[in-house]
Every structure is written in C-alpha cells, then in structure tokens.
Amino acid sequence: MKRFLRYALILLALIAAFLAFVAISAWPNIGTLPDAAQTARDAKSPEWHNGKFENPLPMYTNVKGGVLQMLKSAPGEEPDAPVPTMDSSALYKTPPSSGLRVTWFGHSSMLLEIDGTNIVVDPLWSERASPFSWLGPKRWYEPPVPIDHLPHVDAVIISHDHYDHLDRASIQAFNARGVRFIVPLGVASHLLGWGIPAERITELDWWQETTVGNLTIASTPSRHASGRLSARSDVTLWTGYALIGKEHRVFYSGDTGFNDTFADVGTKYGPFDVSLIEAGQYDAQWPDWHLGPEQAMKVHEEVRGKVLIPVHWGLIKLAHHAWTEPPERILAAAKCSHADVLVPKPGQAVEPTTRPVVPRWWPGQRVATAREKPIIASTHGDPTQKFELPTCP
C-alpha cells in the first residue's frame, strides 16, 4: 500500500509539473483579455450582445463531425517537397512604379505598399501559430523576408486575435520599429499586455475609420469568432479592412464566412484595385467560419474587386484539404466569372494594376473540386438554409 501511495504521489507530481510547464510556456503568448472598463466601452458596440460580440448571422458548426476528424490526415494536406519562396528585399529600396505593391508571405501575412504608405497585415513570423513554441500548427518554410529587411512600416493591421493572425513575437518585433497598430475592438488589451504603448494603438468597430499617412483605413464586417485559449471567448471583435489611398483601393476580408455585407462594402468603398480574400482552411463541418474558394470569388465580385489574390493558405495546416486546393479551385471559379487572379509565390512582390504574369509555382496533385466538396454558408446558422452559389460547369 505504501508503495502504491508513493507511486501515486510521484505520478501526481509529474502531472503537476507538466501542467505547470504547459502554463508557463503558453502564458506569455495567450494575451490579456479586456478589463471591466474596456468591456463597458465595448458593450456600446452594435455588435455586442449577451456579454460578448456576436455575428448578425449565427454560425453553424457540426461539433461532433469536427472533433471526429481532428486527428485524421490525408496525403497532400501538407507539402512533401520544399515550397518555393522569394525574397523581395531588394525591391523595397524602390517604391512601386504603379503606386501599389503587394507581398504575400504565406497564410494572411502581407506587406501592402499603397500610394506611399506601407501597411503590414496580420504578421506571422513565428514558427508556430500557437501559444506553445513546441506544439501547434508549424509553418512549412522560413519567413521569405525577415522583418528587418522590410521597408519602413507605417502601421500593422490585425483582423482578430486567433493565433494565426495575432502573433506576440511578431507584434513585439514591429513594436520595436515604432509602428502604429490598427485592431478591432478589445484586441488592444493583448497589445497593451505585451508592452505596446496605448498611444500607438487604434481600435475600430465595424464601419469606423481612421487615417494612416495618406490612407483611410475602414473596418468592415466579417462573420467569424475570437479567442486565445481562454474560457472567455468572443470578447474581442473580428473584422476585415478597406484601405483607401489617393489613387488605389485594397480590400482585405480577414477571416470570415459568407454573409450579406460584402455588397455594402463594395458600394461604400469599392471598386478595389485588388482584393485579398481568405480562400483556405475551410471545411464542410464549419461552413460559416471560412469562405472556401468559390465563395471567396463571390466576395471578390460583390466588393467590386478588379484583381483577386487568395490568402489564408500556403503556410500552415488548419483544415483537411489538399494544401494546393485553394488556388486550384479559385482558378477554376475564375474561368466562369472571368476574374483576374494572381497567385504569387510566398515573398513575391507584385503590382496588381500592371497585370503581371505569375507562372504556376505549386505542384500538381489531386484536389477535391467544388462539386465534390462544396463549401456553402448557412444564411442564419441552419445548415438546411444556405446562400445561393452560382454553379460553374
């Protein structure tokens, strides 16, 4: 009996030590949720209901189906060879001749050079999109361009506080450069906890605007959620952005399911020279959380985009689809809609208004088609009631 108790105590001590290790390793990255004063201010938002932010359209999630497939994996979901990347550092010494240049670094991280103002979007330079340095979705390649090789950055914009969009180490690296941060309501609490001065943080609700350099930056609605390994979720807002310069306009969807606000964005702020729309990390078990390629094309049309660059793919695995499926299905949809699509290599700087030719760089492999694996959002959280999506032969 004594031996059993001794072993039990040793096991409990090991479990306690492991849990302490987990907590200590994650704690710096989790962030700080809004305090009572911040929450009282956020509660005045039209998006605040029942003690948290809520989408006007509820979201459907098949929890059981999603959990059952969590540990499943199939060939092609991650690259089996190095992903080709490009270092555009040398180009940044000269401003874009067209006035608009986009560098996609993989997933949703980007550099936007717009009419003399430089914006970084959802920077993710860390090895993992996770609170842990040793566990969680791991990037497939090193950042194509180091942060210290970027040109002057006027501001960083953040769409929401999920780990693949709000990365503490990247935020602190840009803070060291003295940049300004534009974030949705509530997200300032994380940044303040990481040492970013309050005077360099601007929070926006949907349809609110601010200016950075020559740009007007407007927060636009999205259909998503928030949270960072905490019992309190959705107490920070999620958003997309319209960036309006003197000569050029850019739309970034952020993470979003399809909803009925994109035509309003197009009417108010469009047309856009380029739309940067999430087209990856989708699943039929949670069709309202992300667009999928075909709905991304529909959003591009509704916001009145001229050139589409698909984002939110090509860096980490967060869903069960072939890693090359998003661009393949986007290009298939473009044949029906006659849209102009650019799929640059990670790190490749392109000037969308010049209609550059970007050769296909990803490998050919078997991918599911829109007919085989449709992703169509519900209209009000009921999976039997869905938005209409044009069929493409």
# chains A, B, ... in the order shown; residues from 1 in each chain; ligands from 1
>>> residues_around(residues="A:Pro310", least_positions_apart="3", cutoff="10 Å", atoms="only C-alpha atoms", output="VMD selection string")
chain A and resid 104 107 to 108 275 to 280 293 296 to 297 300 307 313 to 314 326 to 327 330 to 331 341 to 344
>>> residues_around(residues="A:Ser222", least_positions_apart="5", cutoff="10 Å", atoms="only C-alpha atoms", output="list in words")
Asn55, Pro56, Ser159, Trp206, Leu237, Trp238, Thr239, Gly240, Tyr241, Ser253, Gly254, Asp255, Thr256, Gly257, Phe258, Asn259, Asp260, Thr261, Phe262, Trp289 and His290 of chain A
>>> select_by_dssp(residues="stretch 13-246 of chain A", states="strand (DSSP E or B)", output="ChimeraX atom specification")
/A:48-49,52-53,100-104,107,110-114,117-121,128,138,155-157,180-184,201-204,209-212,215-220,240-244
>>> residues_around(residues="A:Ile157", least_positions_apart="5", cutoff="7 Å", atoms="only C-alpha atoms", output="VMD selection string")
chain A and resid 120 to 122 181 to 183
>>> write_last_selection(atoms="C-alpha atoms", output="PDB file, in the first residue's frame")
ATOM      1  CA  VAL A 120       1.703  45.065 -42.729  1.00  0.00           C
ATOM      2  CA  VAL A 121      -1.281  42.743 -42.376  1.00  0.00           C
ATOM      3  CA  ASP A 122      -1.678  40.015 -39.716  1.00  0.00           C
ATOM      4  CA  PHE A 181      -1.312  49.254 -34.698  1.00  0.00           C
ATOM      5  CA  ILE A 182      -4.886  49.204 -36.019  1.00  0.00           C
ATOM      6  CA  VAL A 183      -7.013  46.497 -34.354  1.00  0.00           C
TER       7      VAL A 183
END
>>> closest_residue(among="A:Thr103, A:Ser337, A:Gln385, A:Thr324", to="A:Ile309", atoms="only C-alpha atoms")
A:Thr103
>>> closest_residue(among="A:Leu111, A:Ile376, A:Cys392, A:Ala225", to="A:Ala334", atoms="only C-alpha atoms")
A:Cys392
>>> atom_distance(atom1="atom CA of A:Thr32", atom2="atom CA of A:His312")
25.1 Å
>>> select_by_dssp(residues="stretch 82-194 of chain A", states="alpha helix (DSSP H)", output="PyMOL selection string")
chain A and resi 168-175+188-193
>>> write_last_selection(atoms="all heavy atoms", output="tab-separated table (two decimals), in the first residue's frame")
chain	number	residue	atom	x	y	z
A	168	ARG	N	2.34	37.13	-30.91
A	168	ARG	CA	3.01	38.02	-29.96
A	168	ARG	C	4.41	38.41	-30.40
A	168	ARG	O	4.77	39.60	-30.38
A	168	ARG	CB	3.08	37.36	-28.58
A	168	ARG	CG	3.83	38.22	-27.54
A	168	ARG	CD	4.03	37.48	-26.23
A	168	ARG	NE	4.85	36.30	-26.38
A	168	ARG	CZ	6.19	36.30	-26.34
A	168	ARG	NH1	6.85	37.44	-26.18
A	168	ARG	NH2	6.86	35.17	-26.47
A	169	ALA	N	5.23	37.45	-30.78
A	169	ALA	CA	6.62	37.76	-31.14
A	169	ALA	C	6.68	38.72	-32.32
A	169	ALA	O	7.51	39.64	-32.35
A	169	ALA	CB	7.37	36.47	-31.45
A	170	SER	N	5.82	38.52	-33.30
A	170	SER	CA	5.81	39.42	-34.46
A	170	SER	C	5.35	40.82	-34.05
A	170	SER	O	5.92	41.83	-34.50
A	170	SER	CB	4.89	38.86	-35.55
A	170	SER	OG	5.33	37.59	-35.99
A	171	ILE	N	4.33	40.89	-33.21
A	171	ILE	CA	3.84	42.19	-32.74
A	171	ILE	C	4.95	42.95	-32.01
A	171	ILE	O	5.17	44.16	-32.24
A	171	ILE	CB	2.62	42.00	-31.82
A	171	ILE	CG1	1.42	41.47	-32.61
A	171	ILE	CG2	2.28	43.29	-31.10
A	171	ILE	CD1	0.89	42.42	-33.65
A	172	GLN	N	5.66	42.25	-31.16
A	172	GLN	CA	6.72	42.93	-30.40
A	172	GLN	C	7.88	43.34	-31.30
A	172	GLN	O	8.53	44.36	-31.06
A	172	GLN	CB	7.18	42.03	-29.26
A	172	GLN	CG	6.12	41.88	-28.18
A	172	GLN	CD	6.54	41.01	-27.03
A	172	GLN	OE1	7.27	40.03	-27.21
A	172	GLN	NE2	6.08	41.34	-25.83
A	173	ALA	N	8.14	42.56	-32.35
A	173	ALA	CA	9.19	42.94	-33.30
A	173	ALA	C	8.82	44.22	-34.04
A	173	ALA	O	9.66	45.11	-34.25
A	173	ALA	CB	9.45	41.81	-34.29
A	174	PHE	N	7.56	44.34	-34.43
A	174	PHE	CA	7.14	45.57	-35.11
A	174	PHE	C	7.03	46.73	-34.13
A	174	PHE	O	7.26	47.89	-34.49
A	174	PHE	CB	5.82	45.34	-35.84
A	174	PHE	CG	5.99	44.62	-37.15
A	174	PHE	CD1	5.69	43.28	-37.27
A	174	PHE	CD2	6.48	45.29	-38.27
A	174	PHE	CE1	5.86	42.61	-38.47
A	174	PHE	CE2	6.65	44.63	-39.47
A	174	PHE	CZ	6.35	43.29	-39.58
A	175	ASN	N	6.68	46.43	-32.88
A	175	ASN	CA	6.66	47.48	-31.88
A	175	ASN	C	8.04	48.11	-31.72
A	175	ASN	O	8.16	49.33	-31.52
A	175	ASN	CB	6.19	46.90	-30.55
A	175	ASN	CG	6.18	47.92	-29.44
A	175	ASN	OD1	5.63	49.01	-29.59
A	175	ASN	ND2	6.78	47.59	-28.30
A	188	ALA	N	-6.83	45.60	-28.31
A	188	ALA	CA	-5.81	46.45	-27.68
A	188	ALA	C	-5.34	45.89	-26.35
A	188	ALA	O	-4.19	46.08	-25.95
A	188	ALA	CB	-6.33	47.87	-27.50
A	189	SER	N	-6.22	45.17	-25.65
A	189	SER	CA	-5.84	44.63	-24.35
A	189	SER	C	-4.66	43.67	-24.47
A	189	SER	O	-3.77	43.65	-23.61
A	189	SER	CB	-7.03	43.92	-23.70
A	189	SER	OG	-7.49	42.85	-24.51
A	190	HIS	N	-4.63	42.86	-25.52
A	190	HIS	CA	-3.48	41.98	-25.74
A	190	HIS	C	-2.21	42.79	-25.97
A	190	HIS	O	-1.16	42.52	-25.38
A	190	HIS	CB	-3.73	41.08	-26.95
A	190	HIS	CG	-4.86	40.13	-26.81
A	190	HIS	ND1	-5.00	39.26	-25.76
A	190	HIS	CD2	-5.94	39.90	-27.62
A	190	HIS	CE1	-6.09	38.53	-25.91
A	190	HIS	NE2	-6.68	38.90	-27.04
A	191	LEU	N	-2.31	43.78	-26.84
A	191	LEU	CA	-1.13	44.57	-27.19
A	191	LEU	C	-0.59	45.34	-25.99
A	191	LEU	O	0.63	45.42	-25.79
A	191	LEU	CB	-1.46	45.53	-28.34
A	191	LEU	CG	-1.31	44.95	-29.77
A	191	LEU	CD1	-2.22	43.75	-29.99
A	191	LEU	CD2	-1.57	46.02	-30.82
A	192	LEU	N	-1.47	45.90	-25.20
A	192	LEU	CA	-1.03	46.61	-24.01
A	192	LEU	C	-0.28	45.68	-23.07
A	192	LEU	O	0.74	46.05	-22.49
A	192	LEU	CB	-2.23	47.23	-23.30
A	192	LEU	CG	-2.92	48.39	-24.03
A	192	LEU	CD1	-4.26	48.72	-23.36
A	192	LEU	CD2	-2.02	49.61	-24.07
A	193	GLY	N	-0.77	44.46	-22.93
A	193	GLY	CA	-0.10	43.49	-22.08
A	193	GLY	C	1.26	43.08	-22.59
A	193	GLY	O	2.12	42.61	-21.82
>>> atom_distance(atom1="atom CA of A:Arg360", atom2="atom CA of A:Arg304")
25.2 Å
>>> closest_residue(among="A:Glu203, A:Pro144, A:His224, A:Thr384", to="A:Ser89", atoms="only C-alpha atoms")
A:Pro144
